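The block underneath contains the structure these notes are about, expressed in structure tokens.
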Amino acid sequence: MALVERDPSRYLPDYDVQAPVQHHFSPYSDNGGSVVAVAGDDFSVIAADTRLSTGFSIYTRQQKKLFKLSETTVLGCSGCWCDTLTLTRLIAARMQIYNHEHHKIMSTPAAAQMLSIMLYHKRFFPYYVSNILAGVDDDGKGVIYRYDPVGHCEKSNNVAGGSSGALLQPLLDNQIGYANQENVEKIPLTKEKALAIVKDVFISAAERDIYTGDGININIITKDGIEEQYFALRKD
């Protein structure tokens, strides 16, 4: 087939037309961090790392992410830090209002239900926060509640969330829930073993996740109150 040459006179000159430009804006920012909680027969242990960062920039290495709601309830948060501050401020106000109206401190199951309702109320513009609530119930038994951003609540005895949640949850399932283990004696979980597992999983997370590191704050919750501990991690 013979090639036909184009006649330049039959074509209009090219004009530079600016294409539409789409400006992207996101109100959310992921500031990293991980939270782990483990519940036993008469206690709960919740821990969170202290690194607050965005991308490769570290804002602070000493940020506490555990919020004491009462003497038997602690909330651990990771994700967007501005949403965390807003959410925890509203929760503290709701807890205070409940105390003034009913003349008693809100129990851990009641606080868990309240948090679920608050998150669902913001479902169309949700808080970008990974929430884990730990404490003891009215019978002194350790309980843990995990949430998705729109308020779905699940009760469990071992939970990992945040930037390293996908790495840590299988290890917790194996060591505490005895998943994928055969011919293993399932002994009750003690506080000493729970603390050792929590420290081990955070050491593993710090080796793999740049958004988790520096140190971990640990709260041990019993019917007698809350005991606080600190454990150092790698800082790079």
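In the structure tokens, chains take letters A, B, ... by order of appearance, with residues numbered from 1 within each chain and ligands from 1 in the order shown.
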Identify, on the basis of only C-alpha atoms, every residue whose closest approach to Val38 in chain A does not exceed 10 Å; exclude the query and any residue fewer than 4 positions from it along the same chain; express the result as a PyMOL selection string. chain A and resi 43-47+134-135+142-144+156-160+172+176+189+191+194-195+197-198+220
Print the selection's residues with N, CA and C atoms to a file, as an mmCIF file, in the first residue's frame.
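Below you can see selection-v5.cif, which holds the result:
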```
data_model
loop_
_atom_site.group_PDB
_atom_site.id
_atom_site.type_symbol
_atom_site.label_atom_id
_atom_site.label_comp_id
_atom_site.auth_asym_id
_atom_site.auth_seq_id
_atom_site.Cartn_x
_atom_site.Cartn_y
_atom_site.Cartn_z
ATOM 1 N N PHE A 43 -7.306 -9.501 84.746
ATOM 2 C CA PHE A 43 -6.486 -8.346 84.390
ATOM 3 C C PHE A 43 -6.559 -8.106 82.892
ATOM 4 N N SER A 44 -6.117 -6.917 82.498
ATOM 5 C CA SER A 44 -5.897 -6.581 81.089
ATOM 6 C C SER A 44 -4.580 -5.831 80.983
ATOM 7 N N VAL A 45 -3.876 -6.067 79.896
ATOM 8 C CA VAL A 45 -2.628 -5.366 79.609
ATOM 9 C C VAL A 45 -2.786 -4.682 78.261
ATOM 10 N N ILE A 46 -2.553 -3.377 78.214
ATOM 11 C CA ILE A 46 -2.598 -2.630 76.966
ATOM 12 C C ILE A 46 -1.319 -1.829 76.846
ATOM 13 N N ALA A 47 -0.745 -1.802 75.648
ATOM 14 C CA ALA A 47 0.534 -1.124 75.417
ATOM 15 C C ALA A 47 0.492 -0.417 74.073
ATOM 16 N N ALA A 134 -9.409 -1.306 76.681
ATOM 17 C CA ALA A 134 -9.080 -2.408 77.582
ATOM 18 C C ALA A 134 -9.475 -2.037 78.996
ATOM 19 N N GLY A 135 -9.800 -3.059 79.787
ATOM 20 C CA GLY A 135 -10.157 -2.818 81.180
ATOM 21 C C GLY A 135 -10.653 -4.081 81.836
ATOM 22 N N GLY A 142 -10.927 -9.452 82.888
ATOM 23 C CA GLY A 142 -10.317 -8.638 81.853
ATOM 24 C C GLY A 142 -11.100 -8.689 80.553
ATOM 25 N N VAL A 143 -11.319 -7.517 79.943
ATOM 26 C CA VAL A 143 -12.054 -7.424 78.681
ATOM 27 C C VAL A 143 -11.328 -6.464 77.747
ATOM 28 N N ILE A 144 -11.446 -6.747 76.442
ATOM 29 C CA ILE A 144 -10.839 -5.903 75.411
ATOM 30 C C ILE A 144 -11.844 -5.730 74.286
ATOM 31 N N SER A 156 -12.713 -9.278 72.419
ATOM 32 C CA SER A 156 -11.682 -10.286 72.204
ATOM 33 C C SER A 156 -10.800 -10.365 73.444
ATOM 34 N N ASN A 157 -9.857 -11.318 73.431
ATOM 35 C CA ASN A 157 -8.894 -11.403 74.531
ATOM 36 C C ASN A 157 -7.470 -11.093 74.089
ATOM 37 N N ASN A 158 -7.264 -10.837 72.790
ATOM 38 C CA ASN A 158 -5.956 -10.374 72.316
ATOM 39 C C ASN A 158 -6.164 -9.615 71.015
ATOM 40 N N VAL A 159 -5.644 -8.396 70.975
ATOM 41 C CA VAL A 159 -5.893 -7.498 69.844
ATOM 42 C C VAL A 159 -4.622 -6.722 69.546
ATOM 43 N N ALA A 160 -4.341 -6.550 68.259
ATOM 44 C CA ALA A 160 -3.262 -5.673 67.798
ATOM 45 C C ALA A 160 -3.832 -4.745 66.740
ATOM 46 N N LEU A 172 0.035 -12.962 68.167
ATOM 47 C CA LEU A 172 -0.818 -13.037 69.345
ATOM 48 C C LEU A 172 -1.769 -14.228 69.262
ATOM 49 N N ILE A 176 -1.194 -16.708 72.326
ATOM 50 C CA ILE A 176 -2.217 -16.569 73.357
ATOM 51 C C ILE A 176 -3.448 -17.407 73.029
ATOM 52 N N LEU A 189 -3.596 -17.635 81.182
ATOM 53 C CA LEU A 189 -2.617 -16.580 80.933
ATOM 54 C C LEU A 189 -2.351 -15.806 82.222
ATOM 55 N N LYS A 191 -0.142 -12.580 84.268
ATOM 56 C CA LYS A 191 0.319 -11.229 83.968
ATOM 57 C C LYS A 191 1.769 -11.232 83.494
ATOM 58 N N ALA A 194 1.822 -12.401 79.894
ATOM 59 C CA ALA A 194 1.229 -11.373 79.038
ATOM 60 C C ALA A 194 2.210 -10.230 78.806
ATOM 61 N N LEU A 195 2.892 -9.780 79.851
ATOM 62 C CA LEU A 195 3.882 -8.711 79.701
ATOM 63 C C LEU A 195 5.022 -9.143 78.807
ATOM 64 N N ILE A 197 4.964 -11.381 76.374
ATOM 65 C CA ILE A 197 4.500 -11.460 74.987
ATOM 66 C C ILE A 197 4.356 -10.067 74.393
ATOM 67 N N VAL A 198 3.785 -9.136 75.142
ATOM 68 C CA VAL A 198 3.612 -7.772 74.643
ATOM 69 C C VAL A 198 4.962 -7.152 74.292
ATOM 70 N N ILE A 220 -1.201 -1.969 83.108
ATOM 71 C CA ILE A 220 -1.730 -3.222 83.627
ATOM 72 C C ILE A 220 -2.959 -2.882 84.463
#
```
Do you know which residues are at most 7 Å from range 108-115 of chain A counting only C-alpha atoms, after dropping those on the same chain fewer than 3 positions away, and could you put them as a PyMOL selection string? chain A and resi 72-73+118-119+133+135-137+145
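Closest approach to Gly162 in chain A among A:Val21, A:Cys77, A:Ile58, A:Val150: A:Cys77, based on only C-alpha atoms.
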Range 25-35 of chain A surroundings by only C-alpha atoms, 7 Å radius, close-in-sequence under 2 positions cut, as a CSV table (one decimal) with N, CA, C and O atoms, in the first residue's frame:
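Wrote part00.csv, looks like this:
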```
chain,number,residue,atom,x,y,z
A,23,HIS,N,-7.1,19.2,41.8
A,23,HIS,CA,-6.4,19.5,43.1
A,23,HIS,C,-6.8,18.5,44.1
A,23,HIS,O,-8.0,18.4,44.4
A,37,ALA,N,-3.2,-5.2,73.0
A,37,ALA,CA,-3.9,-5.4,74.3
A,37,ALA,C,-4.2,-6.9,74.5
A,37,ALA,O,-4.5,-7.6,73.5
A,47,ALA,N,-0.7,-1.8,75.6
A,47,ALA,CA,0.5,-1.1,75.4
A,47,ALA,C,0.5,-0.4,74.1
A,47,ALA,O,-0.2,-0.9,73.1
A,48,ALA,N,1.2,0.7,74.0
A,48,ALA,CA,1.3,1.5,72.7
A,48,ALA,C,2.7,2.1,72.7
A,48,ALA,O,3.3,2.4,73.7
A,49,ASP,N,3.2,2.2,71.4
A,49,ASP,CA,4.5,2.7,71.3
A,49,ASP,C,4.5,4.3,71.4
A,49,ASP,O,3.4,4.8,71.4
A,51,ARG,N,6.3,6.6,69.4
A,51,ARG,CA,6.7,7.3,68.2
A,51,ARG,C,5.6,8.0,67.5
A,51,ARG,O,4.6,7.3,67.2
A,52,LEU,N,5.7,9.3,67.2
A,52,LEU,CA,4.7,10.0,66.4
A,52,LEU,C,5.4,10.5,65.2
A,52,LEU,O,6.3,11.3,65.3
A,53,SER,N,4.9,10.1,64.0
A,53,SER,CA,5.7,10.4,62.8
A,53,SER,C,4.7,10.5,61.6
A,53,SER,O,3.6,10.2,61.7
A,54,THR,N,5.3,11.1,60.5
A,54,THR,CA,4.6,11.1,59.2
A,54,THR,C,5.6,10.8,58.2
A,54,THR,O,6.6,11.6,58.0
A,76,GLY,N,-6.5,2.9,74.0
A,76,GLY,CA,-5.3,3.1,73.2
A,76,GLY,C,-5.7,3.5,71.8
A,76,GLY,O,-6.5,2.9,71.1
A,77,CYS,N,-5.0,4.5,71.2
A,77,CYS,CA,-5.3,5.1,69.9
A,77,CYS,C,-4.1,5.2,69.1
A,77,CYS,O,-3.0,5.6,69.6
A,78,SER,N,-4.2,5.0,67.8
A,78,SER,CA,-3.1,5.2,66.8
A,78,SER,C,-3.8,5.7,65.5
A,78,SER,O,-4.9,5.4,65.3
A,79,GLY,N,-3.0,6.4,64.7
A,79,GLY,CA,-3.5,6.9,63.4
A,79,GLY,C,-3.4,8.3,63.3
A,79,GLY,O,-2.3,8.9,63.5
A,80,CYS,N,-4.4,9.0,62.9
A,80,CYS,CA,-4.4,10.5,62.8
A,80,CYS,C,-4.4,11.1,64.2
A,80,CYS,O,-5.4,11.0,64.9
A,81,TRP,N,-3.4,11.9,64.5
A,81,TRP,CA,-3.2,12.3,65.9
A,81,TRP,C,-4.2,13.4,66.2
A,81,TRP,O,-4.7,13.5,67.3
A,128,TYR,N,-10.1,9.1,61.8
A,128,TYR,CA,-9.1,8.2,61.2
A,128,TYR,C,-8.2,7.6,62.3
A,128,TYR,O,-7.1,8.0,62.5
A,160,ALA,N,-4.3,-6.6,68.3
A,160,ALA,CA,-3.3,-5.7,67.8
A,160,ALA,C,-3.8,-4.7,66.7
A,160,ALA,O,-4.6,-5.2,65.9
A,161,GLY,N,-3.5,-3.5,66.8
A,161,GLY,CA,-4.0,-2.5,65.8
A,161,GLY,C,-2.9,-1.5,65.5
A,161,GLY,O,-1.9,-1.4,66.2
A,162,GLY,N,-3.2,-0.6,64.5
A,162,GLY,CA,-2.3,0.4,64.1
A,162,GLY,C,-1.4,0.0,62.9
A,162,GLY,O,-1.8,-1.0,62.2
A,163,SER,N,-0.3,0.6,62.8
A,163,SER,CA,0.5,0.4,61.6
A,163,SER,C,1.1,-1.0,61.5
A,163,SER,O,1.4,-1.5,60.5
A,164,SER,N,1.3,-1.7,62.7
A,164,SER,CA,1.9,-3.0,62.8
A,164,SER,C,0.8,-4.1,63.1
A,164,SER,O,1.2,-5.2,63.4
A,165,GLY,N,-0.4,-3.7,63.1
A,165,GLY,CA,-1.5,-4.6,63.5
A,165,GLY,C,-1.5,-5.9,62.7
A,165,GLY,O,-1.6,-7.0,63.3
A,211,TYR,N,7.2,3.0,61.5
A,211,TYR,CA,6.3,3.9,62.2
A,211,TYR,C,6.1,3.4,63.7
A,211,TYR,O,5.3,4.0,64.4
A,212,THR,N,6.8,2.4,64.1
A,212,THR,CA,6.7,1.9,65.5
A,212,THR,C,8.1,1.8,66.0
A,212,THR,O,9.0,1.2,65.4
```
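The spacing separating CA of Leu75 in chain A from CA of Lys199 in chain A amounts to 18.6 Å.
The residue that comes closest to Pro170 in chain A, out of A:Ala93, A:Leu87, A:Val201, A:Cys82 and on the basis of only C-alpha atoms, is A:Val201.
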Using only C-alpha atoms: which of A:Val36, A:Ile187, A:Val129, A:Ala19 has the shortest distance to Phe202 in chain A: A:Val36
Interatomic distance, CA of Leu233 in chain A to CA of Phe67 in chain A (Å, one decimal):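 Distance between the two atoms: 20.7 Å.
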Rounded to one decimal place, report the CA of Pro149 in chain A-CA of Thr88 in chain A distance in Å.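 Here the two named atoms are 14.2 Å from each other.
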